[in-house]
file input-v7.cif (mmCIF, C-alpha atoms)
data_work
#
loop_
_atom_site.label_atom_id
_atom_site.label_comp_id
_atom_site.auth_asym_id
_atom_site.auth_seq_id
_atom_site.Cartn_x
_atom_site.Cartn_y
_atom_site.Cartn_z
CA MET A 1462 76.66 119.33 88.02
CA LYS A 1463 73.24 118.98 86.39
CA SER A 1464 70.02 117.99 88.11
CA ILE A 1465 67.51 115.72 86.49
CA MET A 1466 63.87 115.30 87.41
CA ASN A 1467 61.58 113.23 85.30
CA ASN A 1468 57.97 112.31 85.95
CA ASN A 1469 57.71 109.79 83.24
CA MET A 1470 57.75 106.56 85.24
CA ASN A 1471 55.25 104.20 83.71
CA SER A 1472 56.31 101.10 85.56
CA GLY A 1473 53.48 101.01 88.09
CA THR A 1474 52.35 102.82 91.17
CA ASN A 1475 55.18 101.91 93.55
CA THR A 1476 57.68 104.53 92.45
CA GLN A 1477 59.59 107.27 94.23
CA ARG A 1478 60.67 110.55 92.74
CA VAL A 1479 64.27 111.48 93.37
CA THR A 1480 66.51 114.33 92.33
CA VAL A 1481 70.02 113.34 91.40
CA SER A 1482 73.07 115.41 90.53
CA LEU A 1483 75.27 114.25 87.71
CA PRO A 1484 78.62 115.46 86.40
CA GLY A 1485 78.02 117.64 83.35
CA TYR A 1486 79.74 115.32 80.90
CA ILE A 1487 77.53 112.39 81.95
CA TYR A 1488 74.42 114.53 81.72
CA ASP A 1489 75.40 115.66 78.22
CA ARG A 1490 75.85 112.08 77.06
CA LEU A 1491 72.62 111.01 78.72
CA VAL A 1492 70.47 113.63 76.97
CA LYS A 1493 72.14 112.84 73.66
CA GLN A 1494 71.57 109.09 73.94
CA VAL A 1495 68.22 108.76 75.69
CA PRO A 1496 64.92 110.23 74.45
CA GLU A 1497 63.61 112.98 76.71
CA ARG A 1498 60.69 111.08 78.22
CA GLN A 1499 62.58 107.84 78.82
CA VAL A 1500 65.28 109.05 81.18
CA SER A 1501 63.69 107.68 84.36
CA ARG A 1502 63.10 104.28 82.82
CA PHE A 1503 66.67 104.20 81.55
CA VAL A 1504 68.20 105.19 84.91
CA ALA A 1505 65.94 102.82 86.86
CA GLY A 1506 66.97 99.96 84.58
CA LEU A 1507 70.65 100.66 85.06
CA LEU A 1508 70.30 100.95 88.82
CA GLU A 1509 68.32 97.74 89.07
CA GLU A 1510 70.87 95.85 87.04
CA LYS A 1511 73.78 97.27 89.04
CA LEU A 1512 72.21 96.71 92.46
CA LEU A 1513 71.06 93.18 91.72
CA SER A 1514 74.37 92.31 90.15
CA SER A 1515 76.45 93.55 93.08
CA PHE A 1516 74.13 91.77 95.52
CA ILE A 1517 74.58 88.44 93.75
CA LYS A 1518 78.32 88.88 93.24
CA SER A 1519 79.09 89.93 96.78
CA ALA A 1520 77.58 86.85 98.40
CA ASP A 1521 80.98 85.18 98.85
CA PRO A 1522 83.66 87.09 96.94
CA ILE A 1523 86.56 85.04 98.35
CA ASN A 1524 85.11 81.76 97.19
CA GLU A 1525 83.91 83.24 93.90
CA PHE A 1526 87.46 84.35 93.14
CA LEU A 1527 89.14 81.10 94.16
CA LYS A 1528 86.58 78.97 92.32
CA LEU A 1529 88.06 80.33 89.12
CA ARG A 1530 91.18 78.21 89.77
CA LYS A 1531 89.30 75.37 88.12
CA LYS A 1532 88.92 77.36 84.90
CA VAL A 1533 92.44 78.68 84.41
CA PRO A 1534 95.67 77.10 83.15
CA LYS A 1535 98.44 76.90 85.72
CA PHE A 1536 101.82 78.59 85.72
CA SER A 1537 105.02 78.67 87.73
CA ASP A 1538 105.62 81.61 90.10
CA LYS A 1539 108.37 82.79 87.76
CA GLU A 1540 106.00 82.85 84.77
CA ILE A 1541 103.40 84.75 86.79
CA LYS A 1542 105.97 87.35 87.83
CA GLU A 1543 107.11 87.77 84.22
CA ALA A 1544 103.51 88.37 83.13
CA ILE A 1545 103.03 91.00 85.83
CA ASN A 1546 106.18 92.82 84.71
CA LYS A 1547 105.68 92.42 80.97
CA GLY A 1548 105.84 95.72 79.12
CA ARG A 1549 107.99 97.41 81.73
CA VAL A 1550 111.48 98.32 80.62
CA MET B 1140 94.41 92.98 114.38
CA LYS B 1141 97.17 91.88 112.03
CA ASN B 1142 97.89 94.01 108.95
CA ILE B 1143 98.70 92.07 105.81
CA ILE B 1144 99.93 93.67 102.61
CA ILE B 1145 99.53 91.67 99.41
CA ASP B 1146 101.10 92.05 95.98
CA ALA B 1147 100.07 90.89 92.52
CA SER B 1148 102.30 87.79 92.67
CA PHE B 1149 100.29 86.64 95.69
CA VAL B 1150 96.89 87.43 94.17
CA LEU B 1151 97.74 85.74 90.89
CA GLY B 1152 99.63 82.96 92.65
CA ALA B 1153 96.41 82.09 94.49
CA LEU B 1154 94.66 81.74 91.16
CA LEU B 1155 97.21 80.63 88.59
CA SER B 1156 99.95 78.85 90.51
CA SER B 1157 100.38 75.17 89.85
CA GLU B 1158 100.77 74.73 93.61
CA GLY B 1159 97.84 75.35 95.92
CA LYS B 1160 99.70 76.92 98.85
CA ALA B 1161 99.01 80.54 97.87
CA ALA B 1162 95.31 79.74 97.39
CA ASP B 1163 95.14 78.21 100.88
CA VAL B 1164 96.84 81.22 102.48
CA PHE B 1165 94.71 83.58 100.41
CA ARG B 1166 91.50 81.94 101.64
CA LYS B 1167 92.77 81.92 105.22
CA ILE B 1168 93.72 85.61 105.42
CA PHE B 1169 90.61 86.86 103.64
CA ASN B 1170 88.40 84.71 105.87
CA GLU B 1171 90.26 86.01 108.91
CA GLN B 1172 89.53 89.51 107.72
CA GLU B 1173 85.81 88.66 107.84
CA SER B 1174 86.25 87.84 111.52
CA LYS B 1175 88.33 91.01 112.09
CA LYS B 1176 91.53 89.12 112.83
CA THR B 1177 93.35 90.62 109.89
CA LYS B 1178 93.13 93.68 107.70
CA ILE B 1179 94.28 93.42 104.10
CA TYR B 1180 96.01 96.31 102.37
CA SER B 1181 97.80 96.96 99.12
CA THR B 1182 99.14 99.71 96.94
CA SER B 1183 96.89 101.55 94.53
CA PHE B 1184 98.63 99.90 91.59
CA LEU B 1185 97.75 96.34 92.63
CA PRO B 1186 94.75 96.27 90.24
CA LEU B 1187 96.98 97.38 87.35
CA GLU B 1188 99.67 94.79 88.08
CA THR B 1189 97.01 92.12 88.51
CA ALA B 1190 95.34 93.08 85.24
CA ASN B 1191 98.68 93.07 83.41
CA GLY B 1192 99.57 89.67 84.86
CA LEU B 1193 96.24 88.29 83.68
CA ARG B 1194 96.59 90.00 80.31
CA PHE B 1195 99.89 88.27 79.61
CA SER B 1196 99.04 84.89 81.17
CA LEU B 1197 95.65 84.14 79.66
CA LYS B 1198 94.55 84.18 76.05
CA ASP B 1199 90.85 84.06 76.82
CA GLN B 1200 89.72 87.68 77.12
CA ASN B 1201 86.29 86.83 78.55
CA LEU B 1202 87.83 84.69 81.27
CA THR B 1203 90.34 87.41 82.07
CA GLU B 1204 87.59 89.99 82.40
CA GLU B 1205 85.54 87.62 84.57
CA ILE B 1206 88.52 87.06 86.86
CA PHE B 1207 89.17 90.77 87.16
CA SER B 1208 85.54 91.47 87.98
CA LYS B 1209 85.74 88.93 90.85
CA PHE B 1210 89.05 90.35 92.00
CA ALA B 1211 87.46 93.81 92.12
CA LEU B 1212 84.95 92.58 94.71
CA LEU B 1213 87.60 91.51 97.21
CA LYS B 1214 87.95 93.63 100.31
CA ILE B 1215 91.34 95.27 99.99
CA GLU B 1216 92.20 98.72 101.26
CA TYR B 1217 94.37 100.57 98.77
CA PHE B 1218 97.10 103.03 99.66
CA THR B 1219 98.62 105.75 97.51
CA LEU B 1220 102.01 106.92 98.74
CA ASN B 1221 102.92 110.59 98.94
CA ASN B 1222 106.15 111.90 97.44
CA GLN B 1223 108.08 111.70 100.70
CA GLN B 1224 107.09 108.06 101.07
CA VAL B 1225 108.10 107.35 97.47
CA GLN B 1226 111.46 108.93 98.30
CA ASN B 1227 111.83 106.37 101.09
CA VAL B 1228 110.83 103.56 98.74
CA LEU B 1229 113.49 104.71 96.29
CA SER B 1230 116.11 104.50 98.98
CA MET B 1231 114.99 100.99 99.96
CA SER B 1232 114.97 99.86 96.33
CA TYR B 1233 118.61 100.95 95.85
CA ASN B 1234 119.58 99.14 99.05
CA PHE B 1235 117.97 95.90 97.92
CA SER B 1236 118.56 96.22 94.16
CA THR B 1237 114.84 95.79 93.62
CA THR B 1238 112.21 97.62 91.58
CA VAL B 1239 110.33 100.57 92.99
CA TYR B 1240 107.07 98.73 92.28
CA ASP B 1241 107.97 95.64 94.31
CA THR B 1242 109.56 97.67 97.08
CA THR B 1243 106.45 99.81 97.50
CA TYR B 1244 104.49 96.84 98.87
CA HIS B 1245 107.26 96.09 101.33
CA PHE B 1246 107.52 99.73 102.38
CA LEU B 1247 103.78 99.75 103.02
CA ALA B 1248 104.15 96.68 105.23
CA LYS B 1249 106.77 98.48 107.29
CA LEU B 1250 104.69 101.65 107.41
CA LEU B 1251 101.64 99.76 108.67
CA ARG B 1252 103.71 97.48 110.92
CA GLY B 1253 102.32 94.53 109.06
CA GLU B 1254 103.57 91.66 106.94
CA PHE B 1255 104.09 91.67 103.21
CA TYR B 1256 102.79 88.44 101.66
CA THR B 1257 104.39 87.67 98.32
CA CYS B 1258 105.07 84.72 96.02
CA ASP B 1259 108.02 86.57 94.50
CA GLY B 1260 111.01 84.48 95.60
CA GLU B 1261 113.52 86.75 93.92
CA TYR B 1262 112.34 89.84 95.79
CA PHE B 1263 112.17 87.88 99.04
CA GLN B 1264 115.78 86.76 98.69
CA LYS B 1265 116.97 90.32 98.19
CA ALA B 1266 114.90 91.98 100.91
CA GLU B 1267 114.28 89.30 103.52
CA LYS B 1268 116.75 90.84 105.96
CA GLU B 1269 114.56 93.96 106.21
CA GLY B 1270 111.82 91.91 107.95
CA ASN B 1271 108.04 92.35 107.67
CA ILE B 1272 107.92 89.93 104.73
CA VAL B 1273 106.53 86.40 104.22
CA LEU B 1274 107.28 84.24 101.21
CA VAL B 1275 104.18 82.21 100.39
CA LYS B 1276 105.40 78.98 98.84
#

call {"tool": "encode", "arguments": {"input": "input-v7.cif", "output": "structure tokens"}}
result
Amino acid sequence: MKSIMNNNMNSGTNTQRVTVSLPGYIYDRLVKQVPERQVSRFVAGLLEEKLLSSFIKSADPINEFLKLRKKVPKFSDKEIKEAINKGRV
Amino acid sequence: MKNIIIDASFVLGALLSSEGKAADVFRKIFNEQESKKTKIYSTSFLPLETANGLRFSLKDQNLTEEIFSKFALLKIEYFTLNNQQVQNVLSMSYNFSTTVYDTTYHFLAKLLRGEFYTCDGEYFQKAEKEGNIVLVK
């Protein structure tokens, strides 16, 4: 596990410093892909997107799932079962 | 609290079936779970079977991925069987002439003293006598 600390948060005064531990392979990819002084901004952006997205999506997951009935073609139970099993010998 | 075990035919039946019965039951049991009347379980391969069923039912990849992302947010507790339990599933599957995959859901229902909800009429016919199974039609 690798620890990351980065002071380079330029997004205003209301920020908190945190230390996080990452699996080595994620850390390696992170330092390859993101410039050294932009790690905090990058991680904050990802977290914001993920947290907001899960908040919106989890409002009513049952209804959200069933609402999709209006968008999909319909099949018989036999056709559905065949699709589930397709590719199995 | 009632334990309900669901398979991919039930999940996809609620979404893709030309009849609305599975969707009604789906809504009912998931809503009941919100009020702690039921607890919904499945096997750890439910997401794979669901994804495969979507993959070979729908041509629209974006829609398929949207559906799977919504499915992933549903509250389902997943079980992975140990080797001894799989041994028991094997035995059941020979008795019923069914697949190990389908039988695993049913085994889980018996293990948890719950009911296996399925839209798979063929499996139901073969294994109905074992109990702990409901055909949603």

call {"tool": "interface_residues", "arguments": {"input": "input-v7.cif", "of": "chain A", "to": "chain B", "cutoff": "9 Å", "atoms": "all atoms listed in the file", "output": "number ranges by chain"}}
result
A: 1515, 1518-1519, 1522-1548

call {"tool": "closest_residue", "arguments": {"input": "input-v7.cif", "among": "A:Ile1487, A:Arg1478, A:Ser1514, A:Arg1549", "to": "Ser1501 of chain A", "atoms": "all atoms listed in the file"}}
result
A:Arg1478

call {"tool": "atom_distance", "arguments": {"input": "input-v7.cif", "atom1": "atom CA of Tyr1233 of chain B", "atom2": "atom CA of Phe1263 of chain B"}}
result
14.9 Å

call {"tool": "residues_around", "arguments": {"input": "input-v7.cif", "residues": "Val1225 of chain B", "least_positions_apart": "6", "cutoff": "10 Å", "atoms": "all atoms listed in the file", "output": "count of residues only"}}
result
6

call {"tool": "closest_residue", "arguments": {"input": "input-v7.cif", "among": "B:Thr1182, B:Met1140, B:Gln1172, B:Glu1269", "to": "Asn1234 of chain B", "atoms": "only C-alpha atoms"}}
result
B:Glu1269

call {"tool": "closest_residue", "arguments": {"input": "input-v7.cif", "among": "B:Ile1272, B:Ile1215, B:Ile1179, B:Val1228", "to": "Thr1257 of chain B", "atoms": "only C-alpha atoms"}}
result
B:Ile1272

call {"tool": "atom_distance", "arguments": {"input": "input-v7.cif", "atom1": "atom CA of Ile1145 of chain B", "atom2": "atom CA of Leu1185 of chain B"}}
result
8.4 Å

call {"tool": "atom_distance", "arguments": {"input": "input-v7.cif", "atom1": "atom CA of Tyr1256 of chain B", "atom2": "atom CA of Phe1184 of chain B"}}
result
15.8 Å

call {"tool": "build_atoms", "arguments": {"input": "input-v7.cif", "residues": "segment 1485-1513 of chain A", "atoms": "N, CA and C atoms", "output": "tab-separated table (two decimals), in the coordinates of the input"}}
result
chain	number	residue	atom	x	y	z
A	1485	GLY	N	78.51	117.08	84.61
A	1485	GLY	CA	78.02	117.64	83.35
A	1485	GLY	C	78.26	116.75	82.15
A	1486	TYR	N	79.44	116.12	82.10
A	1486	TYR	CA	79.74	115.32	80.90
A	1486	TYR	C	78.84	114.09	80.81
A	1487	ILE	N	78.45	113.54	81.98
A	1487	ILE	CA	77.53	112.39	81.95
A	1487	ILE	C	76.14	112.85	81.54
A	1488	TYR	N	75.73	113.99	82.08
A	1488	TYR	CA	74.42	114.53	81.72
A	1488	TYR	C	74.34	114.78	80.20
A	1489	ASP	N	75.40	115.36	79.66
A	1489	ASP	CA	75.40	115.66	78.22
A	1489	ASP	C	75.24	114.40	77.38
A	1490	ARG	N	75.95	113.35	77.82
A	1490	ARG	CA	75.85	112.08	77.06
A	1490	ARG	C	74.47	111.47	77.23
A	1491	LEU	N	73.94	111.59	78.45
A	1491	LEU	CA	72.62	111.01	78.72
A	1491	LEU	C	71.55	111.64	77.82
A	1492	VAL	N	71.53	112.97	77.75
A	1492	VAL	CA	70.47	113.63	76.97
A	1492	VAL	C	70.67	113.41	75.47
A	1493	LYS	N	71.90	113.15	75.08
A	1493	LYS	CA	72.14	112.84	73.66
A	1493	LYS	C	71.64	111.44	73.31
A	1494	GLN	N	71.84	110.50	74.25
A	1494	GLN	CA	71.57	109.09	73.94
A	1494	GLN	C	70.16	108.63	74.25
A	1495	VAL	N	69.52	109.27	75.23
A	1495	VAL	CA	68.22	108.76	75.69
A	1495	VAL	C	67.13	109.77	75.37
A	1496	PRO	N	66.03	109.32	74.74
A	1496	PRO	CA	64.92	110.23	74.45
A	1496	PRO	C	64.41	110.90	75.72
A	1497	GLU	N	63.94	112.12	75.58
A	1497	GLU	CA	63.61	112.98	76.71
A	1497	GLU	C	62.70	112.31	77.74
A	1498	ARG	N	61.68	111.62	77.29
A	1498	ARG	CA	60.69	111.08	78.22
A	1498	ARG	C	61.01	109.64	78.66
A	1499	GLN	N	62.21	109.21	78.40
A	1499	GLN	CA	62.58	107.84	78.82
A	1499	GLN	C	63.75	107.82	79.79
A	1500	VAL	N	64.10	108.97	80.32
A	1500	VAL	CA	65.28	109.05	81.18
A	1500	VAL	C	65.09	108.24	82.47
A	1501	SER	N	63.92	108.40	83.09
A	1501	SER	CA	63.69	107.68	84.36
A	1501	SER	C	63.74	106.17	84.15
A	1502	ARG	N	63.10	105.72	83.09
A	1502	ARG	CA	63.10	104.28	82.82
A	1502	ARG	C	64.53	103.79	82.59
A	1503	PHE	N	65.28	104.57	81.85
A	1503	PHE	CA	66.67	104.20	81.55
A	1503	PHE	C	67.51	104.13	82.83
A	1504	VAL	N	67.40	105.15	83.67
A	1504	VAL	CA	68.20	105.19	84.91
A	1504	VAL	C	67.76	104.08	85.86
A	1505	ALA	N	66.44	103.87	85.96
A	1505	ALA	CA	65.94	102.82	86.86
A	1505	ALA	C	66.45	101.45	86.41
A	1506	GLY	N	66.47	101.23	85.10
A	1506	GLY	CA	66.97	99.96	84.58
A	1506	GLY	C	68.42	99.73	84.92
A	1507	LEU	N	69.22	100.77	84.75
A	1507	LEU	CA	70.65	100.66	85.06
A	1507	LEU	C	70.88	100.39	86.54
A	1508	LEU	N	70.14	101.13	87.37
A	1508	LEU	CA	70.30	100.95	88.82
A	1508	LEU	C	69.90	99.55	89.26
A	1509	GLU	N	68.80	99.08	88.70
A	1509	GLU	CA	68.32	97.74	89.07
A	1509	GLU	C	69.36	96.69	88.72
A	1510	GLU	N	69.88	96.81	87.51
A	1510	GLU	CA	70.87	95.85	87.04
A	1510	GLU	C	72.12	95.89	87.94
A	1511	LYS	N	72.57	97.10	88.24
A	1511	LYS	CA	73.78	97.27	89.04
A	1511	LYS	C	73.58	96.76	90.47
A	1512	LEU	N	72.45	97.11	91.06
A	1512	LEU	CA	72.21	96.71	92.46
A	1512	LEU	C	72.02	95.21	92.59
A	1513	LEU	N	71.27	94.63	91.66
A	1513	LEU	CA	71.06	93.18	91.72
A	1513	LEU	C	72.37	92.45	91.48
